[in-house]
Amino acid sequence: MFTLAAHTLGCKLNFAETAHLLAQLPRDCFSVVEWPAPADFYVINTCTVTSTAERKCRTAIHSAHRLNPNAKIFIIGCYATLAASTLSLIPGVEKVLPNDSKHLLPDYILQSAQFPAKHHQDGIFPIAYNLEQRTRAFLKIQDGCDYFCSYCAIPFARGRAHSATIDQVLQAANRIAQSGINEIVLTGVNTGTFGQERGESLLDLLKILDNETSIPRYRISSIEPNLLTPKMVEFVARSRAFMPHFHIPLQAANDNTLRLMRRRYTTAEYSRLILSIKQAMPHACIAADIIAAFNGESPQDFEDSIAFLHSIPISYLHVFTYSQRPNTAALKIKPAIPPQEQHRRSNLLHLLSDELLLAFHRSQIGSSRPVLWEHTDHDGQLYGYTDNYIRLSTATSSATPNTITSAIITEDNIVK
Ligand code: SF4
């Protein structure tokens, strides 16, 4: 019996892929041990979204080699795709698999352990999901992106947009339902483009999942604003299982920077979308990604951004400081923002996000919302999320893990 430890960095897509790839290894030959621990094999699923993410990947590879200098280390993921030659020189690295061949990872590990490899079918979308959490699964329905936003290296790392078929997703959701999981998060790189290559649409998929599966809760991990249509908003507002919770990347909150980023909407269009969601679902939680201090963003642009963010009913922000990515168009945009100013803008956006979240939480106090209770912590409390993504706690005697019950939101039960 061999031992294997995996470490995943980056997005939910990577976590779903790691779980899916490891699940294909025979359990009687490989025992998965928790990272970081000495093991015979390591799998590091890498991320390239920022230079910090890349540094963490290299650190993880060195750590694996230190944990067992004789171990065989396999590297997959976006950083593996963009920097295969650099990573393959790190001591202990057995194989670097770019995204277009990562589905062969189980075969390479089996061969390396001198077991016969399995046969893989090429040309079929490698649908992946993880069942590690007992209540929620991340289900990969789409991969790749054709948008080429000027700051983003993901289209180079994950290739053109492609997706599973509706039938594949339906079968996977039914398998997940059989395992007792109550919530599925549909994930992808550019989820809104689901099915476009074969004339299907994300809305077609949502309707079928809502009608033909028994999963009580679905969330969409994130969706580009230009692809979240009025029909989709209307559908979620009436649906059985799609939660009133949206993650809609904004990236810049002023039109000059949006143009430099090559985003496909204006602040006015984004604002109309957010208002339409709040009109249909006043209790909806809406998160927005935002990049602080993008190249060329003037002090006035930044001030306009803060004013815009105050003007729309967003619930909170995911703030990322701009990080230069090799081969992207943004490298030619001048001027770059000095580190001190980057830091200042990022801090202000984080503070604004805290304010927005507090205001959203306060607006929901007194309302009764369904909560999926997830796990107990060392403090003997049970934790879970409402449909509109507010984290609540309760005494363990008041609810059972992996059940959905109604709870009244109070100042005291919100987990900050
Ligand atoms: S939509 Fe833009 S930011 Fe998102 S993955 Fe595609 S290129 Fe990157």
# chains A, B, ... in the order shown; residues from 1 in each chain; ligands from 1

$ select_by_dssp --residues "region 76-106 of chain A" --states "alpha helix (DSSP H)" --output "list in words"
Cys78, Tyr79, Ala80, Thr81, Leu82, Ala84, Ser85, Thr86, Leu87, Ser88, Leu105 and Pro106 of chain A

$ residues_near_ligand --ligand "ligand 1" --cutoff "7 Å" --atoms "only C-alpha atoms and all ligand atoms" --output "ChimeraX atom specification"
/A:145-149,152-155,189-190,224

$ residues_around --residues "Ser367 (chain A)" --least-positions-apart "2" --cutoff "12 Å" --atoms "only C-alpha atoms" --output "MDAnalysis selection string"
chainID A and resid 282:283 361:365 369:370 386:388 390 406:411

$ closest_atom_pairs --of "region 198-317 of chain A" --to "region 133-136 of chain A" --cutoff "12 Å" --atoms "only C-alpha atoms" --output "JSON lines"
{"residue": "A:Ile215", "atom": "CA", "partner": "A:Arg136", "partner_atom": "CA", "distance": 10.3}
{"residue": "A:Pro216", "atom": "CA", "partner": "A:Arg136", "partner_atom": "CA", "distance": 10.8}
{"residue": "A:Arg217", "atom": "CA", "partner": "A:Arg136", "partner_atom": "CA", "distance": 9.1}
{"residue": "A:Tyr218", "atom": "CA", "partner": "A:Arg136", "partner_atom": "CA", "distance": 9.3}
{"residue": "A:Arg219", "atom": "CA", "partner": "A:Arg136", "partner_atom": "CA", "distance": 10.1}

$ residues_around --residues "Phe15 (chain A)" --least-positions-apart "6" --cutoff "10 Å" --atoms "only C-alpha atoms" --output "ChimeraX atom specification"
/A:7-9,45,128-130,132,138-140

$ residues_around --residues "Asp100 (chain A)" --least-positions-apart "4" --cutoff "10 Å" --atoms "only C-alpha atoms" --output "PyMOL selection string"
chain A and resi 76-77+81+104+157-159

$ write_last_selection --atoms "C-alpha atoms" --output "PDB file, in the first residue's frame"
ATOM      1  CA  ILE A  76      -0.880  19.749 -12.217  1.00  0.00           C
ATOM      2  CA  GLY A  77      -2.955  22.933 -12.672  1.00  0.00           C
ATOM      3  CA  THR A  81       0.650  24.701 -17.633  1.00  0.00           C
ATOM      4  CA  LEU A 104      -3.906  11.335 -17.250  1.00  0.00           C
ATOM      5  CA  ALA A 157      -3.603  28.221 -18.801  1.00  0.00           C
ATOM      6  CA  ARG A 158      -7.029  26.635 -19.262  1.00  0.00           C
ATOM      7  CA  GLY A 159      -7.619  27.077 -22.992  1.00  0.00           C
TER       8      GLY A 159
END

$ select_by_dssp --residues "region 49-219 of chain A" --states "strand (DSSP E or B)" --output "ChimeraX atom specification"
/A:72-77,93-96,128-130,136-140,142-143,162-163,183-187,217-219

$ closest_residue --among "A:Leu331, A:Ile109, A:Ala173, A:Ala284" --to "Val233 (chain A)" --atoms "only C-alpha atoms"
A:Ala284

$ residues_around --residues "Glu197 (chain A)" --least-positions-apart "2" --cutoff "7 Å" --atoms "only C-alpha atoms" --output "JSON, numbers by chain"
{"A": [162, 195, 199]}

$ write_last_selection --atoms "N, CA and C atoms" --output "PDB file, in the first residue's frame"
ATOM      1  N   HIS A 162     -15.048  25.494 -22.823  1.00  0.00           N
ATOM      2  CA  HIS A 162     -15.681  24.225 -23.168  1.00  0.00           C
ATOM      3  C   HIS A 162     -16.435  23.720 -21.947  1.00  0.00           C
ATOM      4  N   GLY A 195     -22.298  25.450 -22.312  1.00  0.00           N
ATOM      5  CA  GLY A 195     -23.098  24.877 -23.407  1.00  0.00           C
ATOM      6  C   GLY A 195     -23.063  25.633 -24.711  1.00  0.00           C
ATOM      7  N   GLY A 199     -24.963  24.850 -28.586  1.00  0.00           N
ATOM      8  CA  GLY A 199     -26.309  25.425 -28.648  1.00  0.00           C
ATOM      9  C   GLY A 199     -27.129  25.205 -27.387  1.00  0.00           C
TER      10      GLY A 199
END

$ closest_residue --among "A:Thr48, A:Thr213, A:Ser31, A:Ser163" --to "Met1 (chain A)" --atoms "only C-alpha atoms"
A:Ser31
